[in-house]
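Novice: Structure provided below as C-alpha cells; questions to follow.
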Amino acid sequence: MDYFEPKTLSEALALLETYGAAAKVIAGGTDVMVDIKYKEEPGCLVNIKKIPGLDAIRENGGSLRVGPLVTIRDIETSSIVRERLPVFWESCHQFASLQIRNTATVGGNICRASPSGETLAPLLVLEAKAKLAFATGEKTVPFTSFFQGPGKSSAGVNGLLTEIDVPYPAAGSKGVYLKHAVRGAMDIAMVGVAVLVTPDAAKSGLQGVRIGLGAVAPTPIRATKTEAMLRGKPLTAALVKEAAQMAASESSPISDQRSSAENRRWIVEALTRRGLQQSWRAATGKEVA
Amino acid sequence: MAKAEFKVIGSSPARMGGVERVVGKGVYGIDLMLKDQLHGAILRSQHAHAKIVSIDTSEAKKVPGVHAVVTAADAPNVRYGRSYFDRHILARDKVRFMGDPVAAVAAESPAIAKQALKKINVVYEPLPVAIDPEEVTKPEAPTLHEDMPLPKSIPADTKVKNICGHAVVHLGDAEKAMAEADVVVEEVYETKMIHPQYLEPRIAAAQMEPNGRLTVWANAQAPFPVRQETAKTLGLPLNNVRVISAGLGGGFGGKGSGITSGAAIEPICGLLAIKAKRPVMIVLDKAEETISTTIRAGAKMYIKTGVKKDGTIVARTGKVFYDAGGYSGFGVQAGGRCTNMLGGWYLMPNCHIDGYTVYTNKQVCGPVRGPGGPQAAFAVESHMDSIAAKLGMDPVEFRLKNVPKPGDRIVGVPKLRDVSLGETIKIAADKIGWGKVKLEKNQGIGLATGSWIESAGPGGGAIVKVNEDGSVTVHIGKIDMGTIPGFGIPMIVAEELGVPVEDVTVVNVDTDASPWDAGTVGSRGILVSGTASRLAAIDARNQIFKMAASQLEASPDDLEIVNKQIRVKGTPAKAVALATIATNAHNVIGEVIGRGYFDNVAAGAEEKQHGSSQPFTAHACIVEVNPDTGNVKILKYVAVHDIGQPIHKAAAEGQIEGAAAMSIGQALCEQVVFDKDGRTMNPSFVDYLMPTINMMPRIETTLVSGYPGAGPYGAKGAGEIACVPPMACIANAIYNATGVRIKTLPLSPENVLRALKEAGKA
Amino acid sequence: MSLTINTTINGQAVSGSAEASTSLLEFLRDTLEYKGTKLCCNTGECGACTIIYNGKPINSCVTMAADANGAQITTIEGLADGDKLHPVQQAFIDTGAVQCGYCTPGYIISVKALLDRTTKPTPEDIEEAVSGNICRCTGYNKIVDAIQLAANRIAGRA
C-alpha cells in the first residue's frame, strides 16, 4: 500500500486524480483503519491531516463554515454550534464514544456517506452545502443532492470535501435530533430522525418544516412529501399523527442484524411524532393542540 | 451460630496482583512474546454444514514466509469431547458450523499468515443447514453426526435425530397430579445464543523444547485439561506436555477449553509448532471468537405447572431443547442442568421434565457462567409470575407460599440443611419497595429468585510453602481471572498462618509444578481451592508449631502465630519470629511445605447425611418502558444473596454485580444473530451489543448471613449464581409495567415494541 | 512501505518503524513492546486500547501509527511516579474495581483524562468519559466508586 501525507490541497487532489479508485482518503481513521484491517488495503492511502486550513469553524454572516478535519468532539465543545445549530450539535453529542469523537472528523462522517451516518440527517435538514475540490476545479453541492447511495457521494473517487457551509435556521426555528439505539450513543443508529420547525408569526401554524431520516433508506433522506403536507398548516395532534405515518411510508428501510424493516418504520413514525411535538413545544412554548 | 472473630476473613484487602494490573505490567497470555515466534492463524469453514471433498494446501505452502500448513491429515485421527467424543481438532470429512476449524498456518507475520490462508483451497459439498433446536430433532431434519448414536435412554426406534443428551427429572406422578390441579398454566420460553465476550482474546503459544517436550502457554481456565487434551489429540505422552498459564483477561467459562472441548486452539498451535519446528503463537480476533469459540446455548423450554387454588404448587411437567451447536461440547452437562432447574427450587412434589441436548449447525456450547441456569430461570421465574397472575395472587406471596423448609427436598437436591430462599425474597421485596413504592406511568416492578447447585465436581489440592523470610508461596491448580486466587486464597492462608495478606503470593499454574485441578470453573474456587489452601496452611502451621515448641519450651497446642511471630498463648513475650523457624527448617525437614485438599467424596457423603445449604438469591427491579420505541430502562436494581461467609467482601460483591450485569446484558441487548444459512451476522462489537455504563443501574447488593456453606469458614461459591435471576426479573417488571408477557429473549427494544403492538398497547 | 515514527511517549522521545497500515496500538504493543495498553475488539468499540494523544483520550487501535509522529502520548505505563501510584490507579485497587484487570488500563487513562479536566465530575461527566470503555467483570459499580474516590482524593476531599 502506497502512503502519502500531502502538505497542500493540490498535492492531495493530484494523488486522487492519479490513483483514482485505488486511493483512499484517511482523516481520523476510525472507519478507514477498520476497513484496512478487515476488508482490504487500498492501493494508496492519502492522509490529509497535514493540509492546513481544513480544521476551522468560522462564522460567515448567516451561516457557519466547518472544515472537514474538525473533529466531532470539537463540534460538541463548540458553543457557537450548540447555540446556533443545536440539531447538528446533538448528532455530534450522540456520536459513539468520547475516544472516537476525539479522533473522528465531520468530513469523514460525511464522505463515508453511510445511510446511518450520525451527522447526515441533521445536515440535510439544515440544508448544508458541501464545497468539493477536484484536480479539475471546485463545485458546491447542496446536501440534498450530495448522497447517491450507500458509501457513494458527489465527492466520488477524485474529490475532497474542503468545507461545509451550514446556514443558520430562520429566526424562531427549533429542532431536535433523535437517535434510536439499544444502548445509546455507542450504537450505530437503527433510525435517526432530525426535525426542524419554523412556526408562523402567530405561532399557530407551520411556516417551515423539515424532516430528515437516517438509516432507513440507501441514503439519508428528507421526508419531502410529509413536509409538503405539513407546510402552512396549524399543527394539531391529528396532523402530527398523520405526518408521522407519512414519514414512515416515505422511508424504505432494510432488515439487518440491527433491526427489521418493520421496526424501523415503527420508529420513524414514533420519532417523527416526538420530534414534531418537541420542536413545536420548544418553538412556541405550547403543546401541539 | 456465634459470629467468629476473624483476622482478615470478611474484609476487603487489596487484590494480589492489583498493582501490576493498574500499571499495565504484562500479566496476560496475550502479552507473551516468544523468541523467534511465528504467527499462527486458523482457516475456518465457510459453510454451516458441508462435506469436505478436498483440501489443497500446496499453494499456501509456497508463500514465502510460511513455515507450516496443517489439516486434519497432519494430526492423529483422535476425537475429543466432554462426554461425547464427536470432534477433531481440525475438521475431518465434514464441517458442522461456520467457524469450524479446517486448516491452520504458521508464518513469519500475521499478514503472511492471512495471505496463506487465502491460498488454501477447500472444496466443500454444502449440505442442508439446521438452526432450530426443536426442528432439528424431527426425522426430516438433516443429520449432523452420522455416527453418533442417540442417548441410551431414548429407544433406538424413536423417530428423532440429532440428540446428544437426554436428562430426565422424575418425582412423584406429575401427570396425575396435574390432572387434579385447580389451576394449570402452560407456556413456552426461549433464550438465544450469547457469547461470553471476555475482553482478552484467546491465545495459545507452543514450542517444542530441545528435550522433546511441548510447552504450551494458554490463557485457559483449566490448564490441566488442556494438557490432557493436547497430549491426547496430538498423540504425545501426557508428561511430555507442559502447560503454563498467565492471568486471564476474563473467562466466564468461555475459556474453559479442555473441559468443554470447545475451541481447542491449543492442540492446533502445538501441531503447528511441531511441524514448523519453531515457536508459534495464535491470537484470535474478537470477531473470530464470536463465530468460533464456545458460547452460552439458547434453549427452548416448555413448562406447565398445576397449582391449588390457594397457590400451593402440586405438579410440573416440561420439555427442554438445549442447543449444543455443531458438537456436543458442554451441552449435555448444561442441558442436564437446565432440565433440572426447570423444576425450580420451590417445593415440587410431582415433576416430570424431559430435556434434550441437540446438535445444530452453530457455535458450540461451553460451560458459560452458570450453564443452563439463567435459561431455566428465565422460564421458571417468568412462569411463576404468570401463575400468580392467573391466581390473582401477589407474586411475592405466591413464592413465599412455596418456599421449602430445612429437611425438605427440591428438584436436584435430596435434602436441604437450611433454606435462605424465603429471607432473600423478603429482603429483596423490602429493598425494592414492593407494595410501597409509587410507580409512574410505564413503570413496573419485578422480582425473580434463583439458586445454583454448586457443581458436583472433582476435588483439588493446594501446597503452601513458607519461605525463609516468613512470606508464603501458594500453589493451586486454579488460574487468576479476577476470582479467588487474587482475593480469597491469600486471605485464607494469611488467616491461618498469622501473616499479612500482602506476604502471600499465589503463583500462576504450571502443570509441572501445580497440583491438578479442574480449573477456575463452576463456582468451585472457594470450595475446592479455598478448603485445600486452608488445610494446607493449617498443615504448615502444625509443622511450624512442632519446630517452635521446643525453642519456646511449650506444647505445640499452646502456640499461636500473630503478625509473623510464633508465641505462647497468654505469654506474648515468649516468641520467636516465623522467619527464624522457617529458615531453621532448612536444617530439619528442608522446608515447611503444607499440603491440603478438598475431598469431593467426603463432601458428598456429608451433604447426603446432613443435607446441603444452597446459595439462594432474589433479585428485584423497577423498570421504565418507552411505549414508542420499546426501550427498557432499569431505574433500580437490588440483588440479595446468600453466599455463606464472604471471604473477600468486595470481591464477593464484585462477582454478584458482574454476573448480574452479564445477565442484564442477555436480557436487554445481547444475542448472536444468524441468517438462514447459519452465518453469524453480528460478530464484532459493533453489533454484538454488551451493556455500557450508561445503561447499567447501580446494582445494590445485600449479603444475608446465617446459612453457612460447605466452603472454608462457611463460604459458598459466588461466581455464577447472580447470572440466574436477572432476565426473569426484568421480564416480570416489564409485565408489571405493560401487562405484556414476553417469552423470548432478548427484551430488546424491537422485541418489546413488537410485543406491545401485538397486544394493542402501542 | 516502511515509515519512521518519531514520537514522545510518557515524556520520552521514542523512535521506531511501522507500515502505513500499522495501528498505533500495534506500534505500541508489538514494535515498542509497551504491553500495558490492551488489544481487544480492534475496531474502536471497547476502549481497552485507550491512550492519551496530545491531551485527549483516543482509541489507539483505530489510529495510524504514522499519526504518532510529533505527538505527545501517554500510556498506562506513564502514570505512576516510580513506586507511587497515580490516585486513579490507587483508587481502582482500593474499591475493588480491578477483577481480571483487562479493561483497567483503558479505564484508568479515560478517568485520568476526565479528572485532569474536572475534580467534581457529575454523573453525566462520568458517563461521557467512560461510555466507550466496556468492562465485562464488574458491572461498573466499583468502577464508579473508584472514579468518585479518585476525584475526592485529588481534590483533597478524602
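Convention: chains lettered A, B, ... in C-alpha cells order; per-chain residue numbering from 1; ligands numbered from 1 as shown.
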Output the contact residues of chain B with respect to chain A at a cut-off of 9 Å, based on only C-alpha atoms, as a short mmCIF file (atom, residue, chain, number, x, y, z; two decimals) with C-alpha atoms, in the first residue's frame.
Specialist:
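New file selection-v3.cif:
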```cif
data_model
loop_
_atom_site.label_atom_id
_atom_site.label_comp_id
_atom_site.auth_asym_id
_atom_site.auth_seq_id
_atom_site.Cartn_x
_atom_site.Cartn_y
_atom_site.Cartn_z
CA ASP B 628 -42.94 4.42 21.48
CA THR B 629 -39.63 2.67 20.99
CA ASN B 631 -36.54 0.79 25.11
CA VAL B 632 -36.38 -0.52 28.67
CA LEU B 668 -31.65 -6.28 27.17
CA CYS B 669 -29.18 -6.32 24.32
CA VAL B 673 -27.83 -13.24 15.26
CA PHE B 674 -27.88 -15.72 12.37
CA ASP B 675 -29.11 -15.75 8.83
CA MET B 681 -24.48 -11.57 11.29
CA ASN B 682 -23.05 -9.64 14.25
CA VAL B 686 -20.22 -3.02 16.55
CA ASP B 687 -23.32 -5.17 16.56
CA LEU B 689 -24.02 -5.28 21.97
CA MET B 690 -22.75 -5.54 25.51
CA PRO B 691 -24.02 -3.26 28.26
CA THR B 692 -22.14 0.00 28.56
CA ASN B 694 -24.86 4.34 30.73
CA MET B 695 -27.44 1.55 30.65
CA SER B 748 -34.63 -5.68 23.10
CA PRO B 749 -36.45 -2.52 22.07
CA GLU B 750 -37.71 -4.21 18.89
CA LEU B 753 -42.23 -2.90 20.88
CA ARG B 754 -43.49 -5.81 18.80
#
```
Novice: Write out as an NGL selection string all residues of segment 27-238 of chain A that backbone DSSP assigns to alpha helix (DSSP H).
Specialist: :A and (32-38 or 72-76 or 79-84 or 86-93 or 98-101 or 106-112 or 120-125 or 224-230 or 237-238)
Novice: Hey, which bits of chain C sit within 6 Å of chain B, and for each residue what's the closest pair of atoms and how far apart in Å (one decimal), counting only C-alpha atoms, rows by chain and increasing number, as a Markdown table?
Specialist:
```
| residue | atom | partner | partner_atom | distance |
| --- | --- | --- | --- | --- |
| C:Lys35 | CA | B:Gly26 | CA | 5.8 |
| C:Gly36 | CA | B:Gly24 | CA | 3.7 |
| C:Cys40 | CA | B:Leu199 | CA | 5.7 |
| C:Cys41 | CA | B:Lys286 | CA | 5.5 |
| C:Ile76 | CA | B:Val23 | CA | 5.9 |
| C:Glu77 | CA | B:Val23 | CA | 5.7 |
| C:Gln89 | CA | B:Val22 | CA | 5.6 |
| C:Gly96 | CA | B:Ala650 | CA | 5.9 |
| C:Gln99 | CA | B:Gly482 | CA | 4.0 |
| C:Cys100 | CA | B:Gly482 | CA | 4.0 |
| C:Gly101 | CA | B:Arg21 | CA | 5.6 |
| C:Tyr102 | CA | B:Gly249 | CA | 4.9 |
| C:Glu127 | CA | B:Asn694 | CA | 5.9 |
| C:Ser131 | CA | B:Ile693 | CA | 5.6 |
| C:Ile134 | CA | B:Thr692 | CA | 5.9 |
| C:Cys137 | CA | B:Gly658 | CA | 4.9 |
| C:Thr138 | CA | B:Gly658 | CA | 4.3 |
| C:Gly139 | CA | B:Gly658 | CA | 4.3 |
| C:Asn141 | CA | B:Arg698 | CA | 6.0 |
```
Novice: Excluding same-chain residues fewer than 6 positions from Ser471 of chain B, what lies within 9 Å of it counting only C-alpha atoms, as number ranges by chain?
Specialist: B: 465, 499-500, 502-505, 564, 579
Novice: Could those selected residues go to a file with N, CA and C atoms, as a CSV table (one decimal), in the first residue's frame?
Specialist:
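The resulting file, selection24.csv, is shown below:
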```
chain,number,residue,atom,x,y,z
B,465,LYS,N,4.0,-23.1,50.8
B,465,LYS,CA,5.4,-23.1,51.1
B,465,LYS,C,5.7,-21.9,51.9
B,499,VAL,N,0.0,-14.3,59.0
B,499,VAL,CA,0.9,-13.4,58.2
B,499,VAL,C,0.1,-12.3,57.5
B,500,PRO,N,0.7,-11.2,57.2
B,500,PRO,CA,-0.1,-10.2,56.4
B,500,PRO,C,-0.5,-10.7,55.1
B,502,GLU,N,-0.6,-9.4,52.2
B,502,GLU,CA,0.3,-9.0,51.1
B,502,GLU,C,1.6,-9.8,51.1
B,503,ASP,N,1.8,-10.6,52.1
B,503,ASP,CA,3.0,-11.5,52.1
B,503,ASP,C,2.7,-12.9,51.5
B,504,VAL,N,1.5,-13.1,51.1
B,504,VAL,CA,1.1,-14.4,50.5
B,504,VAL,C,1.0,-14.2,49.0
B,505,THR,N,1.7,-15.0,48.2
B,505,THR,CA,1.7,-15.0,46.8
B,505,THR,C,1.1,-16.3,46.2
B,564,LYS,N,3.4,-12.5,62.2
B,564,LYS,CA,4.7,-13.2,61.8
B,564,LYS,C,5.5,-13.6,63.0
B,579,ALA,N,10.1,-16.1,60.6
B,579,ALA,CA,11.2,-16.2,59.6
B,579,ALA,C,12.3,-17.1,60.2
```
Novice: With 12 Å as the limit and counting only C-alpha atoms, what residues in chain A lie close to chain C? Please list them as a PDB file with C-alpha atoms, in the first residue's frame.
Specialist:
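Okay, this is what ended up in selection-v1.pdb:
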```pdb
ATOM      1  CA  MET A   1       0.000   0.000   0.000  1.00  0.00           C
ATOM      2  CA  ASP A   2       1.466   3.358  -1.003  1.00  0.00           C
ATOM      3  CA  TYR A   3       1.182   6.088   1.573  1.00  0.00           C
ATOM      4  CA  PHE A   4       1.231   9.865   1.281  1.00  0.00           C
ATOM      5  CA  GLU A   5       0.889  12.827   3.607  1.00  0.00           C
ATOM      6  CA  ILE A  26      -7.889   8.929   5.665  1.00  0.00           C
ATOM      7  CA  ALA A  27      -8.595  11.642   8.206  1.00  0.00           C
ATOM      8  CA  GLY A  28      -9.428  10.496  11.741  1.00  0.00           C
ATOM      9  CA  GLY A  29      -9.201   6.879  10.673  1.00  0.00           C
ATOM     10  CA  THR A  30     -11.933   5.430  12.879  1.00  0.00           C
ATOM     11  CA  ASP A  31     -13.683   3.924   9.831  1.00  0.00           C
ATOM     12  CA  VAL A  32     -10.786   3.580   7.394  1.00  0.00           C
ATOM     13  CA  MET A  33      -8.471   1.742   9.832  1.00  0.00           C
ATOM     14  CA  VAL A  34     -11.166  -0.892  10.325  1.00  0.00           C
ATOM     15  CA  ASP A  35     -11.530  -1.218   6.524  1.00  0.00           C
ATOM     16  CA  ILE A  36      -7.778  -1.655   6.137  1.00  0.00           C
ATOM     17  CA  LYS A  37      -7.650  -4.360   8.763  1.00  0.00           C
ATOM     18  CA  TYR A  38     -10.805  -6.277   7.983  1.00  0.00           C
ATOM     19  CA  GLU A  40      -8.998  -4.542   2.025  1.00  0.00           C
ATOM     20  CA  GLU A  41      -5.859  -2.494   1.939  1.00  0.00           C
ATOM     21  CA  PRO A  42      -6.271   0.190  -0.727  1.00  0.00           C
ATOM     22  CA  GLY A  43      -3.568   0.623  -3.346  1.00  0.00           C
ATOM     23  CA  CYS A  44      -2.838   4.041  -1.888  1.00  0.00           C
ATOM     24  CA  LEU A  45      -3.645   5.721   1.425  1.00  0.00           C
ATOM     25  CA  VAL A  46      -3.778   9.518   1.441  1.00  0.00           C
ATOM     26  CA  ASN A  47      -3.530  11.064   4.927  1.00  0.00           C
ATOM     27  CA  ILE A  48      -4.959  14.568   4.609  1.00  0.00           C
ATOM     28  CA  LYS A  49      -4.387  15.740   8.167  1.00  0.00           C
ATOM     29  CA  LYS A  50      -1.257  17.710   7.255  1.00  0.00           C
ATOM     30  CA  THR A  71     -13.316  16.613  14.967  1.00  0.00           C
ATOM     31  CA  ARG A  73     -15.548  16.491  19.712  1.00  0.00           C
ATOM     32  CA  ASP A  74     -14.564  19.980  18.611  1.00  0.00           C
ATOM     33  CA  GLU A  76     -19.508  19.047  20.511  1.00  0.00           C
ATOM     34  CA  HIS A  93     -23.211  14.599  21.086  1.00  0.00           C
ATOM     35  CA  GLN A  94     -24.801  11.196  20.251  1.00  0.00           C
ATOM     36  CA  PHE A  95     -21.767  10.083  18.257  1.00  0.00           C
ATOM     37  CA  ALA A  96     -20.129   6.875  19.537  1.00  0.00           C
ATOM     38  CA  SER A  97     -17.711   7.319  22.453  1.00  0.00           C
ATOM     39  CA  LEU A  98     -15.576  10.199  23.664  1.00  0.00           C
ATOM     40  CA  GLN A  99     -12.496   8.406  22.376  1.00  0.00           C
ATOM     41  CA  ILE A 100     -13.990   8.176  18.896  1.00  0.00           C
ATOM     42  CA  ARG A 101     -15.261  11.759  18.945  1.00  0.00           C
ATOM     43  CA  ASN A 102     -11.758  12.980  19.750  1.00  0.00           C
ATOM     44  CA  THR A 103     -10.470  11.497  16.505  1.00  0.00           C
ATOM     45  CA  ALA A 104     -13.352  11.193  14.055  1.00  0.00           C
ATOM     46  CA  ARG A 183     -27.653   1.261  24.324  1.00  0.00           C
ATOM     47  CA  GLY A 184     -27.278   4.895  23.354  1.00  0.00           C
ATOM     48  CA  ALA A 185     -24.601   6.930  21.638  1.00  0.00           C
ATOM     49  CA  MET A 186     -22.280   3.931  21.412  1.00  0.00           C
ATOM     50  CA  ASP A 187     -24.545   2.158  18.910  1.00  0.00           C
ATOM     51  CA  ILE A 188     -24.859   2.756  15.214  1.00  0.00           C
TER      52      ILE A 188
END
```
Novice: Enumerate the residues of segment 3-158 of chain C with a DSSP assignment of strand (DSSP E or B), computed from the backbone, and present them as a PyMOL selection string.
Specialist: chain C and resi 3-9+12-19+23+50-53+56-59+64+72-74+81+84
Novice: Got a sec: who's within 9 Å of segment 739-747 of chain B, counting only C-alpha atoms, leaving out chain neighbours fewer than 4 positions off, as an MDAnalysis selection string?
Specialist: chainID B and resid 187:192 378:379 382 386 630:632 665:671 727 730:732 734:735 751:752 755:756 759 761
Novice: Using only C-alpha atoms, please write the residues we just selected to a file, as a JSON list (two decimals), in the first residue's frame.
Specialist:
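out-v3.json was written with the following content:
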```json
[["chain", "number", "residue", "atom", "x", "y", "z"],
["B", 187, "GLU", "CA", -46.14, -21.69, 28.43],
["B", 188, "VAL", "CA", -43.12, -21.82, 26.12],
["B", 189, "TYR", "CA", -39.97, -19.77, 26.72],
["B", 190, "GLU", "CA", -36.94, -19.23, 24.51],
["B", 191, "THR", "CA", -33.48, -17.83, 25.05],
["B", 192, "LYS", "CA", -30.86, -17.04, 22.45],
["B", 378, "PHE", "CA", -35.97, -17.14, 32.69],
["B", 379, "ALA", "CA", -38.67, -19.69, 32.12],
["B", 382, "SER", "CA", -41.41, -15.66, 34.47],
["B", 386, "SER", "CA", -47.86, -15.94, 35.11],
["B", 630, "GLY", "CA", -39.68, -0.38, 23.28],
["B", 631, "ASN", "CA", -36.54, 0.79, 25.11],
["B", 632, "VAL", "CA", -36.38, -0.52, 28.67],
["B", 665, "GLY", "CA", -26.95, -7.78, 29.04],
["B", 666, "GLN", "CA", -28.55, -11.05, 27.99],
["B", 667, "ALA", "CA", -31.91, -9.61, 28.95],
["B", 668, "LEU", "CA", -31.65, -6.28, 27.17],
["B", 669, "CYS", "CA", -29.18, -6.32, 24.32],
["B", 670, "GLU", "CA", -27.07, -9.41, 23.72],
["B", 671, "GLN", "CA", -27.63, -12.18, 21.23],
["B", 727, "MET", "CA", -33.72, -11.95, 32.81],
["B", 730, "ILE", "CA", -36.69, -7.64, 34.14],
["B", 731, "ALA", "CA", -39.34, -9.53, 32.16],
["B", 732, "ASN", "CA", -41.55, -9.58, 35.24],
["B", 734, "ILE", "CA", -42.00, -5.27, 32.04],
["B", 735, "TYR", "CA", -45.13, -7.35, 32.55],
["B", 751, "ASN", "CA", -38.95, -7.30, 20.69],
["B", 752, "VAL", "CA", -40.65, -5.25, 23.40],
["B", 755, "ALA", "CA", -44.98, -7.45, 21.87],
["B", 756, "LEU", "CA", -46.67, -4.20, 22.86],
["B", 759, "ALA", "CA", -51.11, -6.74, 22.49],
["B", 761, "LYS", "CA", -50.66, -1.45, 23.75]]
```
Novice: May I have the residues within 8 Å of Ile410 of chain B as number ranges by chain, using only C-alpha atoms and disregarding those fewer than 3 positions away in the same chain?
Specialist: B: 344-348, 404, 413-416
Novice: What would the file look like if the residues just selected were written as a PDB file, in the first residue's frame with N, CA and C atoms?
Specialist:
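So the final result, stored in again.pdb, reads:
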```
ATOM      1  N   GLY B 344     -37.419 -25.945  39.059  1.00  0.00           N
ATOM      2  CA  GLY B 344     -37.469 -24.883  40.055  1.00  0.00           C
ATOM      3  C   GLY B 344     -36.803 -25.271  41.359  1.00  0.00           C
ATOM      4  N   TRP B 345     -36.801 -24.367  42.298  1.00  0.00           N
ATOM      5  CA  TRP B 345     -36.168 -24.580  43.598  1.00  0.00           C
ATOM      6  C   TRP B 345     -37.172 -24.312  44.714  1.00  0.00           C
ATOM      7  N   TYR B 346     -38.452 -24.479  44.357  1.00  0.00           N
ATOM      8  CA  TYR B 346     -39.512 -24.416  45.359  1.00  0.00           C
ATOM      9  C   TYR B 346     -39.944 -25.854  45.650  1.00  0.00           C
ATOM     10  N   LEU B 347     -40.857 -26.012  46.612  1.00  0.00           N
ATOM     11  CA  LEU B 347     -41.404 -27.343  46.868  1.00  0.00           C
ATOM     12  C   LEU B 347     -42.097 -27.838  45.605  1.00  0.00           C
ATOM     13  N   MET B 348     -41.727 -29.035  45.182  1.00  0.00           N
ATOM     14  CA  MET B 348     -42.228 -29.575  43.916  1.00  0.00           C
ATOM     15  C   MET B 348     -42.485 -31.064  44.095  1.00  0.00           C
ATOM     16  N   PRO B 404     -39.324 -23.974  50.361  1.00  0.00           N
ATOM     17  CA  PRO B 404     -39.097 -25.176  51.168  1.00  0.00           C
ATOM     18  C   PRO B 404     -38.579 -24.840  52.567  1.00  0.00           C
ATOM     19  N   VAL B 413     -31.865 -31.546  44.656  1.00  0.00           N
ATOM     20  CA  VAL B 413     -31.231 -31.525  45.981  1.00  0.00           C
ATOM     21  C   VAL B 413     -32.063 -32.390  46.921  1.00  0.00           C
ATOM     22  N   PRO B 414     -31.574 -33.576  47.244  1.00  0.00           N
ATOM     23  CA  PRO B 414     -32.395 -34.517  48.029  1.00  0.00           C
ATOM     24  C   PRO B 414     -32.745 -34.006  49.422  1.00  0.00           C
ATOM     25  N   LYS B 415     -31.849 -33.213  50.016  1.00  0.00           N
ATOM     26  CA  LYS B 415     -32.150 -32.764  51.383  1.00  0.00           C
ATOM     27  C   LYS B 415     -31.515 -31.402  51.598  1.00  0.00           C
ATOM     28  N   LEU B 416     -32.320 -30.451  52.015  1.00  0.00           N
ATOM     29  CA  LEU B 416     -31.812 -29.120  52.318  1.00  0.00           C
ATOM     30  C   LEU B 416     -31.500 -29.020  53.799  1.00  0.00           C
TER      31      LEU B 416
END
```
Novice: At what distance in Å, to one decimal, does atom CA of Gly470 of chain B lie from atom CA of Ile581 of chain B?
Specialist: 8.5 Å
Novice: For segment 247-251 of chain A, work out the shell of residues within 6 Å, counting only C-alpha atoms and skipping chain neighbours fewer than 5 positions away, then give it as a list in words.
Specialist: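 Those residues are Val216, Ala217, Ala223, Thr226, Arg265, Val268 and Glu269 of chain A.
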Novice: Can those selected residues be exported to a file as a PDB file, in the first residue's frame so that it contains C-alpha atoms?
Specialist:
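Okay, again_33.pdb is ready:
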```pdb
ATOM      1  CA  VAL A 216     -33.938   3.987   6.716  1.00  0.00           C
ATOM      2  CA  ALA A 217     -33.039   4.345   3.054  1.00  0.00           C
ATOM      3  CA  ALA A 223     -39.378  13.255   4.056  1.00  0.00           C
ATOM      4  CA  THR A 226     -44.547  14.841   4.629  1.00  0.00           C
ATOM      5  CA  ARG A 265     -40.797   2.074  10.138  1.00  0.00           C
ATOM      6  CA  VAL A 268     -39.661   6.563  12.128  1.00  0.00           C
ATOM      7  CA  GLU A 269     -43.310   7.087  12.993  1.00  0.00           C
TER       8      GLU A 269
END
```
Novice: Can you list, as a list in words, every protein, DNA or RNA residue that comes within 10 Å of Thr144 of chain A when you count only C-alpha atoms, leaving out same-chain residues fewer than 4 positions away?
Specialist: Ala121, Leu123, Leu124, Val125, Leu126, Glu127, Ala128, Lys129, Ala130, Gln148, Pro220, Ile221 and Arg222 of chain A
Novice: Tell me which of C:Ala65, C:Ala113, C:Lys142, C:Asn10 sits closest to Asp30 of chain C, counting only C-alpha atoms.
Specialist: C:Ala65
